[in-house]
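> Enclosed is the structure file work_7.csv (CSV, C-alpha atoms).
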chain,number,residue,atom,x,y,z
A,787,MET,CA,-35.8,34.8,11.0
A,788,LEU,CA,-36.5,33.5,14.5
A,789,THR,CA,-39.5,34.4,16.7
A,790,SER,CA,-39.2,35.1,20.4
A,791,GLN,CA,-40.8,31.8,21.1
A,792,ASP,CA,-38.1,30.1,18.9
A,793,VAL,CA,-35.4,31.7,20.9
A,794,ASP,CA,-37.0,30.7,24.2
A,795,THR,CA,-37.3,27.1,23.0
A,796,TYR,CA,-33.6,27.0,22.1
A,797,ARG,CA,-32.5,28.5,25.4
A,798,GLU,CA,-34.7,26.1,27.4
A,799,ARG,CA,-34.1,22.8,25.4
A,800,GLY,CA,-30.8,23.4,23.7
A,801,TYR,CA,-32.1,22.8,20.2
A,802,LEU,CA,-34.7,24.1,17.8
A,803,LEU,CA,-36.3,22.4,14.9
A,804,LEU,CA,-37.3,24.6,11.9
A,805,PRO,CA,-39.2,22.5,9.2
A,806,GLY,CA,-39.5,23.5,5.6
A,807,ARG,CA,-36.7,26.1,5.4
A,808,PHE,CA,-35.3,24.8,2.1
A,809,ASP,CA,-37.2,23.4,-0.9
A,810,ALA,CA,-36.7,20.3,-3.0
A,811,ALA,CA,-34.7,22.0,-5.7
A,812,GLU,CA,-32.3,23.4,-3.1
A,813,THR,CA,-31.8,20.1,-1.3
A,814,ASP,CA,-31.4,18.3,-4.6
A,815,LEU,CA,-28.7,20.7,-5.6
A,816,LEU,CA,-26.8,20.1,-2.3
A,817,LEU,CA,-27.3,16.4,-2.6
A,818,SER,CA,-25.6,16.4,-6.0
A,819,GLU,CA,-22.7,18.4,-4.5
A,820,ALA,CA,-22.6,16.0,-1.6
A,821,ARG,CA,-22.2,13.0,-3.9
A,822,ARG,CA,-19.5,14.7,-5.8
A,823,LEU,CA,-17.5,15.6,-2.6
A,824,ALA,CA,-17.9,12.1,-1.2
A,825,GLY,CA,-16.1,10.8,-4.4
A,826,LEU,CA,-13.1,13.1,-3.9
A,827,ASP,CA,-9.9,11.5,-2.5
A,828,ILE,CA,-9.0,14.4,-0.2
A,829,PRO,CA,-7.7,14.5,3.4
A,830,GLN,CA,-11.0,16.0,4.5
A,831,ARG,CA,-12.9,12.8,3.5
A,832,ILE,CA,-13.0,10.4,6.5
A,833,MET,CA,-14.0,6.8,5.9
A,834,GLU,CA,-15.8,4.4,8.1
A,835,SER,CA,-13.9,1.6,9.8
A,836,ASP,CA,-14.6,-0.8,6.9
A,837,GLY,CA,-12.6,1.5,4.7
A,838,THR,CA,-15.2,1.5,1.9
A,839,GLN,CA,-18.0,3.9,3.1
A,840,VAL,CA,-17.7,7.6,3.6
A,841,ARG,CA,-18.3,8.7,7.2
A,842,SER,CA,-17.8,12.4,6.8
A,843,VAL,CA,-16.5,15.1,4.6
A,844,TYR,CA,-15.2,18.2,6.3
A,845,ALA,CA,-14.6,21.8,5.1
A,846,VAL,CA,-17.2,21.3,2.3
A,847,HIS,CA,-17.5,25.1,1.9
A,848,HIS,CA,-13.8,25.1,0.7
A,849,HIS,CA,-14.6,22.5,-2.0
A,850,SER,CA,-17.9,23.7,-3.3
A,851,ASP,CA,-19.2,27.1,-4.3
A,852,ALA,CA,-22.8,26.0,-3.6
A,853,PHE,CA,-21.9,24.9,0.0
A,854,GLU,CA,-19.9,28.1,0.5
A,855,ARG,CA,-22.9,30.2,-0.5
A,856,PHE,CA,-25.1,27.9,1.6
A,857,THR,CA,-23.2,28.8,4.8
A,858,ARG,CA,-24.0,32.5,4.2
A,859,ASP,CA,-27.7,32.0,3.3
A,860,ALA,CA,-30.0,33.9,5.6
A,861,ARG,CA,-31.8,30.7,6.6
A,862,THR,CA,-28.6,29.2,8.0
A,863,LEU,CA,-26.6,32.3,9.0
A,864,GLU,CA,-29.2,34.6,10.6
A,865,PRO,CA,-30.4,32.0,13.2
A,866,ALA,CA,-26.8,31.7,14.3
A,867,ARG,CA,-26.3,35.4,14.5
A,868,THR,CA,-29.5,35.8,16.5
A,869,LEU,CA,-28.7,33.1,19.0
A,870,LEU,CA,-25.0,34.0,19.4
A,871,ASP,CA,-25.8,37.7,19.7
A,872,GLY,CA,-23.9,39.1,16.8
A,873,ASP,CA,-21.4,38.4,14.1
A,874,VAL,CA,-20.1,34.8,13.6
A,875,TYR,CA,-17.6,32.9,11.5
A,876,ILE,CA,-17.4,29.3,10.5
A,877,HIS,CA,-15.5,27.1,12.9
A,878,GLN,CA,-16.2,23.9,10.9
A,879,THR,CA,-18.5,22.3,8.3
A,880,GLN,CA,-19.2,18.6,8.0
A,881,LEU,CA,-21.2,16.5,5.6
A,882,ASN,CA,-22.5,13.2,7.0
A,883,PRO,CA,-23.8,10.9,4.3
A,884,LYS,CA,-25.1,7.8,6.2
A,885,ALA,CA,-25.4,5.0,3.8
A,886,PRO,CA,-28.1,2.2,4.3
A,887,PHE,CA,-27.1,-0.7,6.5
A,888,VAL,CA,-23.5,0.3,7.0
A,889,GLY,CA,-21.4,2.6,9.1
A,890,ASP,CA,-20.4,3.1,12.7
A,891,VAL,CA,-22.1,4.7,15.6
A,892,TRP,CA,-21.5,8.3,16.8
A,893,GLU,CA,-21.2,8.0,20.5
A,894,TRP,CA,-22.8,10.4,23.1
A,895,HIS,CA,-20.8,13.6,23.3
A,896,GLN,CA,-20.8,17.3,23.6
A,897,ASP,CA,-19.1,19.1,20.7
A,898,TYR,CA,-17.8,21.9,22.9
A,899,LEU,CA,-15.6,19.5,24.8
A,900,TYR,CA,-13.7,18.9,21.6
A,901,TRP,CA,-13.7,22.5,20.6
A,902,GLU,CA,-12.4,23.5,24.0
A,903,ARG,CA,-9.8,20.8,24.6
A,904,ASP,CA,-8.5,20.2,21.1
A,905,ASP,CA,-9.1,23.6,19.4
A,906,GLY,CA,-8.7,26.1,22.2
A,907,MET,CA,-12.3,27.6,22.2
A,908,ALA,CA,-12.5,29.7,25.3
A,909,GLU,CA,-16.3,29.9,25.8
A,910,PRO,CA,-19.3,27.9,24.6
A,911,ARG,CA,-20.5,30.6,22.2
A,912,ALA,CA,-20.8,28.3,19.3
A,913,LEU,CA,-23.6,26.2,17.8
A,914,ASN,CA,-24.6,23.8,15.1
A,915,VAL,CA,-26.9,24.5,12.2
A,916,ALA,CA,-27.8,21.1,10.7
A,917,VAL,CA,-29.8,20.8,7.5
A,918,PHE,CA,-31.5,17.6,6.4
A,919,LEU,CA,-30.9,16.8,2.8
A,920,ASP,CA,-32.8,13.5,3.0
A,921,GLU,CA,-35.7,12.7,5.2
A,922,VAL,CA,-34.5,11.8,8.7
A,923,ASN,CA,-36.7,9.2,10.4
A,924,GLU,CA,-36.5,6.8,13.4
A,925,PHE,CA,-34.9,4.1,11.3
A,926,ASN,CA,-32.1,5.8,9.3
A,927,GLY,CA,-29.8,7.2,12.0
A,928,PRO,CA,-31.4,10.3,13.5
A,929,VAL,CA,-29.6,12.4,16.0
A,930,PHE,CA,-30.6,11.6,19.6
A,931,VAL,CA,-30.5,14.4,22.1
A,932,MET,CA,-30.9,15.0,25.8
A,933,PRO,CA,-33.0,18.2,26.0
A,934,GLY,CA,-31.6,20.7,28.5
A,935,SER,CA,-28.2,19.0,28.8
A,936,HIS,CA,-26.6,22.1,27.2
A,937,ARG,CA,-26.4,23.7,30.6
A,938,LEU,CA,-24.0,21.0,31.8
A,939,SER,CA,-20.2,21.0,32.1
A,940,LEU,CA,-19.1,17.4,31.9
A,941,ASP,CA,-15.3,17.8,32.5
A,942,GLU,CA,-15.4,15.4,35.5
A,943,GLU,CA,-17.5,12.8,33.7
A,944,THR,CA,-15.4,12.8,30.6
A,945,ARG,CA,-12.0,11.1,30.2
A,946,THR,CA,-9.5,11.4,27.4
A,947,VAL,CA,-8.6,7.9,26.4
A,948,ARG,CA,-6.3,7.8,23.4
A,949,GLY,CA,-4.8,9.1,20.3
A,950,GLY,CA,-4.4,12.4,18.6
A,951,TRP,CA,-6.8,14.6,16.6
A,952,GLU,CA,-7.7,11.7,14.3
A,953,ASN,CA,-9.6,10.2,17.2
A,954,THR,CA,-11.9,13.2,17.2
A,955,LEU,CA,-13.3,12.0,13.8
A,956,ASN,CA,-13.7,8.3,13.8
A,957,ALA,CA,-16.0,6.0,15.8
A,958,ASP,CA,-13.4,5.5,18.6
A,959,PHE,CA,-13.9,8.9,20.2
A,960,ARG,CA,-10.9,10.5,22.0
A,961,HIS,CA,-13.1,12.0,24.8
A,962,LYS,CA,-15.5,9.6,26.3
A,963,ILE,CA,-18.3,10.2,28.8
A,964,THR,CA,-18.6,7.4,31.4
A,965,PRO,CA,-21.5,5.0,31.0
A,966,GLU,CA,-22.5,5.7,34.6
A,967,ALA,CA,-22.8,9.4,34.0
A,968,LEU,CA,-24.8,8.8,30.8
A,969,CYS,CA,-27.3,6.6,32.6
A,970,ASP,CA,-27.9,9.2,35.2
A,971,LEU,CA,-28.1,12.0,32.6
A,972,ALA,CA,-30.6,10.0,30.5
A,973,ASP,CA,-32.8,9.5,33.6
A,974,THR,CA,-32.6,13.2,34.4
A,975,TYR,CA,-33.1,14.7,30.9
A,976,GLY,CA,-34.8,12.0,28.9
A,977,LEU,CA,-34.1,11.2,25.2
A,978,GLU,CA,-35.5,12.5,22.0
A,979,SER,CA,-34.8,11.8,18.4
A,980,VAL,CA,-34.6,14.7,16.0
A,981,ARG,CA,-36.5,13.9,12.7
A,982,GLY,CA,-37.8,15.8,9.8
A,983,LYS,CA,-38.4,16.1,6.0
A,984,PRO,CA,-35.7,17.3,3.6
A,985,GLY,CA,-35.1,21.0,4.0
A,986,THR,CA,-35.6,20.9,7.8
A,987,VAL,CA,-33.1,23.0,9.8
A,988,CYS,CA,-32.0,21.9,13.3
A,989,VAL,CA,-30.1,24.4,15.4
A,990,PHE,CA,-28.4,23.0,18.5
A,991,ASP,CA,-26.1,24.2,21.2
A,992,GLY,CA,-22.5,23.1,21.1
A,993,ARG,CA,-22.9,21.7,24.7
A,994,LEU,CA,-26.1,19.6,23.9
A,995,LEU,CA,-25.5,15.9,24.5
A,996,HIS,CA,-26.2,14.0,21.4
A,997,CYS,CA,-25.3,10.8,19.5
A,998,SER,CA,-26.4,9.0,16.3
A,999,PRO,CA,-26.9,5.3,15.6
A,1000,PRO,CA,-26.1,3.6,12.3
A,1001,ASN,CA,-28.6,3.8,9.4
A,1002,LEU,CA,-30.7,0.6,9.8
A,1003,SER,CA,-33.1,1.4,6.9
A,1004,GLY,CA,-32.8,1.0,3.1
A,1005,HIS,CA,-32.7,4.8,2.5
A,1006,PRO,CA,-29.8,7.2,2.8
A,1007,ARG,CA,-29.6,9.9,5.5
A,1008,THR,CA,-27.5,12.9,4.4
A,1009,VAL,CA,-27.1,15.9,6.8
A,1010,ILE,CA,-24.9,18.9,6.5
A,1011,PHE,CA,-23.6,20.5,9.7
A,1012,ILE,CA,-22.3,24.1,9.9
A,1013,ARG,CA,-20.6,25.1,13.1
A,1014,TYR,CA,-20.7,28.8,13.7
A,1015,ASN,CA,-18.7,30.5,16.4
A,1016,SER,CA,-18.9,34.1,17.7
A,1017,VAL,CA,-16.3,36.4,16.3
A,1018,HIS,CA,-15.7,37.5,19.9
A,1019,ASN,CA,-14.7,33.9,20.8
A,1020,PRO,CA,-11.6,33.2,18.7
A,1021,LEU,CA,-9.5,30.1,19.3
A,1022,ARG,CA,-6.6,30.3,21.6
A,1023,PRO,CA,-3.2,28.7,20.8
A,1024,VAL,CA,-3.0,25.0,21.8
A,1025,PRO,CA,-0.3,22.4,21.5
A,1026,ASP,CA,-0.6,20.2,18.4
A,1027,PRO,CA,-3.7,22.0,17.0
A,1028,ARG,CA,-6.1,20.2,14.7
A,1029,PRO,CA,-5.8,21.2,11.0
A,1030,GLU,CA,-7.4,24.4,9.9
A,1031,TRP,CA,-10.1,22.4,8.0
A,1032,LEU,CA,-11.3,21.1,11.3
A,1033,ALA,CA,-10.7,24.2,13.4
A,1034,ASN,CA,-10.7,27.5,11.5
A,1035,ARG,CA,-8.6,30.1,13.2
A,1036,ASP,CA,-9.7,33.1,11.1
A,1037,PRO,CA,-12.6,34.8,12.9
A,1038,SER,CA,-13.5,37.1,10.1
A,1039,PRO,CA,-17.3,37.7,10.2
A,1040,LEU,CA,-19.5,36.3,7.5
A,1041,GLU,CA,-21.7,38.5,5.4
A,1042,VAL,CA,-25.2,37.2,4.7
A,1043,LEU,CA,-26.3,36.7,1.1
A,1044,THR,CA,-28.8,39.1,-0.2
A,1045,ARG,CA,-30.6,36.3,-2.1
A,1046,PRO,CA,-31.0,32.5,-1.8
A,1047,PHE,CA,-27.8,30.5,-2.1
A,1048,SER,CA,-29.2,28.7,-5.1
A,1049,ALA,CA,-29.8,31.8,-7.2
A,1050,PRO,CA,-27.6,32.1,-10.3
A,1051,VAL,CA,-24.3,33.8,-9.6
A,1052,ALA,CA,-23.5,36.8,-11.8
A,1053,ARG,CA,-20.3,36.5,-13.7
Transcribe the structure of this file into C-alpha cells.


Amino acid sequence: MLTSQDVDTYRERGYLLLPGRFDAAETDLLLSEARRLAGLDIPQRIMESDGTQVRSVYAVHHHSDAFERFTRDARTLEPARTLLDGDVYIHQTQLNPKAPFVGDVWEWHQDYLYWERDDGMAEPRALNVAVFLDEVNEFNGPVFVMPGSHRLSLDEETRTVRGGWENTLNADFRHKITPEALCDLADTYGLESVRGKPGTVCVFDGRLLHCSPPNLSGHPRTVIFIRYNSVHNPLRPVPDPRPEWLANRDPSPLEVLTRPFSAPVAR
C-alpha cells in the first residue's frame, strides 16, 4: 500500500498524507455512524467545556460494526503494519467531530507522552492513522504539525500539572509543554497545517508535535483517529491506569479484511 518514497517521507517528516483513499460513499457511511455515536449518552463521549457540544467519542470500534471493520480495512491497517514493521493492535480509536464556531483548542502535545506516562507504553512503536470524513481546510480546525519533531524526547520540556486521567481528554491538558520550549521548537522545525478532501488519510508518528485550533468556519470538520501499536510493545502495568476504552491492554494482532470495510457482510 505504501511506496518506498512514502516510507522515506514518513521517516523524515513524521507524517504522511495519502489523498483519495476512501470514496464519497464510504465517508458518507462513516459520517452517518459518527452522528449516531455522537448522540449516545455513554462514558466514551467527551463533551466540550460548554457541556453542549461533543468534543470526542472514544472506542468507536466497540460501538459500531462499520468502524470496527474500518480499523481492519487494508487502507488503514496495512500502512500501520508497514511503518511499524509487523503485526499491530488497536491502542485507541477517537472520533473528533468539530462543530462550526464552537469548541475548545487542542494544545500542542506529543501523544506518546500520554501513552508512556499514563498507559505504560514502553517504546514509541505506535502511530496515528487519521481519516478525514469532511474536507479539512485552513479555516475549520486542521491539525498543525512541526515536521521532524517526532525524533524528540520532550520529558524535560513537559510538566504534569494537574488531575487524573480525565485531564488527558479535555482542553486542560494534564501534560503541558512549556511555551518557551514551543517557541524554540517552532523556530527550529517550522509549522504546517494538514489539509485535504474527504477520504484523505494522514499517518503520523506518536511523537510528532501537533495541535488543533477551534473550527472557525461554517462547516463541520470530522476526523476519525485510529491509534495502532506494535504487538511487540504491550502496555506495562501502571498505577491508576486509564480505562480500557482509552488504553487497550489486549495486544492481539488485527487481521486485515479481504475486501473493503463497506462491502456487505455475509450473514

> Show me, as a tab-separated table, the residues of stretch 942-1037 of chain A having an atom within 12 Å of stretch 847-853 of chain A, each with the closest atom pair and its distance in Å, using all atoms listed in the file.


residue	atom	partner	partner_atom	distance
A:Ile1010	CA	A:Phe853	CA	9.3
A:Phe1011	CA	A:Phe853	CA	10.8
A:Ile1012	CA	A:His847	CA	9.4
A:Arg1013	CA	A:His847	CA	11.6
A:Glu1030	CA	A:His848	CA	11.2
A:Trp1031	CA	A:His848	CA	8.6
A:Leu1032	CA	A:His848	CA	11.6
A:Asn1034	CA	A:His848	CA	11.5

> Would you mind listing what lies within 12 Å of A:Met833 as a list in words, with all atoms listed in the file counted and same-chain residues fewer than 6 positions away left out?

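Contacts, in chain order: Ala824, Gly825, Leu826, Asp827, Gln839, Val840, Arg841, Ser842, Val843, Tyr844, Asn882, Pro883, Lys884, Ala885, Val888, Gly889, Asp890, Glu952, Leu955, Asn956 and Ala957 of chain A.
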
> Compile the contact shell of stretch 963-972 of chain A as a list in words: residues with an atom at most 8 Å away, counting only C-alpha atoms, same-chain residues fewer than 4 positions apart removed.

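Surrounding residues, per the criterion: Trp894, His895, Met932, Ser935, Leu940, Glu943, Thr944, Arg945, Gly976 and Leu977 of chain A.
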
> Would you give me, as CSV, each residue of stretch 892-935 of chain A having an atom within 12 Å of an atom of stretch 804-811 of chain A, along with its shortest atom pair and that distance in Å to one decimal, using all atoms listed in the file and sorting by chain and residue number?


residue,atom,partner,partner_atom,distance
A:Val915,CA,A:Leu804,CA,10.4
A:Ala916,CA,A:Leu804,CA,10.2
A:Val917,CA,A:Phe808,CA,8.7
A:Phe918,CA,A:Phe808,CA,9.2
A:Leu919,CA,A:Ala810,CA,8.9
A:Asp920,CA,A:Ala810,CA,9.9
A:Glu921,CA,A:Pro805,CA,11.1
A:Val922,CA,A:Pro805,CA,11.7

> Smallest atom-to-atom distance to A:His936: which of A:His996, A:Arg1028, A:His1005, A:Arg1035, using all atoms listed in the file?

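That would be A:His996, the residue with the smallest distance to A:His936.
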
> Work out how far atom CA of A:Val793 is from atom CA of A:Pro865, in Å to one decimal.

9.2 Å

> Would you mind reading off the distance between atom CA of A:Gln880 and atom CA of A:Glu942, one decimal, in Å?

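So the two atoms, atom CA of A:Gln880 and atom CA of A:Glu942, lie 27.9 Å apart.
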
> Identify which of the residues A:Gly982, A:Pro1023, A:Pro910, A:Pro886 lies closest to A:Gly1004, counting all atoms listed in the file when measuring atom-to-atom distances.

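Smallest distance to A:Gly1004 is found for A:Pro886.
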
> Atom CA of A:Lys983 and atom CA of A:Ala1033 are how many Å apart?

29.8 Å

> In terms of the shortest atom-to-atom distance over all atoms listed in the file, which of A:Thr857, A:Thr789, A:Ser1003, A:Gln896 is closest to A:Leu1040?

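Checking each of A:Thr857, A:Thr789, A:Ser1003, A:Gln896 against A:Leu1040, counting all atoms listed in the file, the winner is A:Thr857.
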
> Please determine, counting all atoms listed in the file, which residue among A:Gly906, A:Gly927, A:Tyr900, A:His1018 has the shortest atom-to-atom distance to A:His961.

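Nearest candidate to A:His961 out of A:Gly906, A:Gly927, A:Tyr900, A:His1018: A:Tyr900.
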
> With only C-alpha atoms as the atoms that count, which of A:Met787, A:Tyr875, A:Leu994, A:Leu881 lies nearest to A:Arg831?

A:Leu881

> Place N, CA and C atoms on stretch 892-913 of chain A and deliver the coordinates as a JSON list (two decimals), keeping the file's coordinate frame.


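The file below, out.json, is the result:
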[["chain", "number", "residue", "atom", "x", "y", "z"],
["A", 892, "TRP", "N", -22.09, 7.11, 16.21],
["A", 892, "TRP", "CA", -21.50, 8.30, 16.80],
["A", 892, "TRP", "C", -21.90, 8.33, 18.25],
["A", 893, "GLU", "N", -20.92, 8.17, 19.12],
["A", 893, "GLU", "CA", -21.20, 8.00, 20.50],
["A", 893, "GLU", "C", -21.78, 9.33, 21.13],
["A", 894, "TRP", "N", -22.35, 9.19, 22.34],
["A", 894, "TRP", "CA", -22.80, 10.40, 23.10],
["A", 894, "TRP", "C", -21.65, 11.30, 23.34],
["A", 895, "HIS", "N", -21.85, 12.58, 23.06],
["A", 895, "HIS", "CA", -20.80, 13.60, 23.30],
["A", 895, "HIS", "C", -21.35, 14.97, 23.29],
["A", 896, "GLN", "N", -20.54, 15.88, 23.77],
["A", 896, "GLN", "CA", -20.80, 17.30, 23.60],
["A", 896, "GLN", "C", -19.69, 17.84, 22.67],
["A", 897, "ASP", "N", -20.10, 18.52, 21.61],
["A", 897, "ASP", "CA", -19.10, 19.10, 20.70],
["A", 897, "ASP", "C", -18.16, 20.03, 21.34],
["A", 898, "TYR", "N", -18.67, 20.81, 22.29],
["A", 898, "TYR", "CA", -17.80, 21.90, 22.90],
["A", 898, "TYR", "C", -16.63, 21.28, 23.64],
["A", 899, "LEU", "N", -16.75, 20.06, 24.17],
["A", 899, "LEU", "CA", -15.60, 19.50, 24.80],
["A", 899, "LEU", "C", -14.42, 19.33, 23.86],
["A", 900, "TYR", "N", -14.72, 19.00, 22.61],
["A", 900, "TYR", "CA", -13.70, 18.90, 21.60],
["A", 900, "TYR", "C", -13.19, 20.27, 21.18],
["A", 901, "TRP", "N", -14.11, 21.18, 20.99],
["A", 901, "TRP", "CA", -13.70, 22.50, 20.60],
["A", 901, "TRP", "C", -12.88, 23.20, 21.64],
["A", 902, "GLU", "N", -13.17, 22.94, 22.91],
["A", 902, "GLU", "CA", -12.40, 23.50, 24.00],
["A", 902, "GLU", "C", -11.05, 22.85, 24.15],
["A", 903, "ARG", "N", -11.04, 21.53, 24.28],
["A", 903, "ARG", "CA", -9.80, 20.80, 24.60],
["A", 903, "ARG", "C", -8.86, 20.69, 23.42],
["A", 904, "ASP", "N", -9.39, 20.49, 22.23],
["A", 904, "ASP", "CA", -8.50, 20.20, 21.10],
["A", 904, "ASP", "C", -8.30, 21.47, 20.22],
["A", 905, "ASP", "N", -9.22, 22.45, 20.29],
["A", 905, "ASP", "CA", -9.10, 23.60, 19.40],
["A", 905, "ASP", "C", -8.80, 24.91, 20.17],
["A", 906, "GLY", "N", -9.01, 24.94, 21.48],
["A", 906, "GLY", "CA", -8.70, 26.10, 22.20],
["A", 906, "GLY", "C", -9.86, 27.15, 22.25],
["A", 907, "MET", "N", -11.11, 26.69, 22.09],
["A", 907, "MET", "CA", -12.30, 27.60, 22.20],
["A", 907, "MET", "C", -12.51, 27.98, 23.61],
["A", 908, "ALA", "N", -12.49, 29.27, 23.89],
["A", 908, "ALA", "CA", -12.50, 29.70, 25.30],
["A", 908, "ALA", "C", -13.88, 29.59, 25.94],
["A", 909, "GLU", "N", -14.95, 29.88, 25.21],
["A", 909, "GLU", "CA", -16.30, 29.90, 25.80],
["A", 909, "GLU", "C", -17.24, 29.11, 24.86],
["A", 910, "PRO", "N", -18.34, 28.58, 25.40],
["A", 910, "PRO", "CA", -19.30, 27.90, 24.60],
["A", 910, "PRO", "C", -20.24, 28.78, 23.83],
["A", 911, "ARG", "N", -19.66, 29.67, 23.04],
["A", 911, "ARG", "CA", -20.50, 30.60, 22.20],
["A", 911, "ARG", "C", -20.49, 30.17, 20.78],
["A", 912, "ALA", "N", -20.76, 28.90, 20.59],
["A", 912, "ALA", "CA", -20.80, 28.30, 19.30],
["A", 912, "ALA", "C", -21.97, 27.34, 19.19],
["A", 913, "LEU", "N", -22.44, 27.10, 17.98],
["A", 913, "LEU", "CA", -23.60, 26.20, 17.80],
["A", 913, "LEU", "C", -23.52, 25.50, 16.46]]
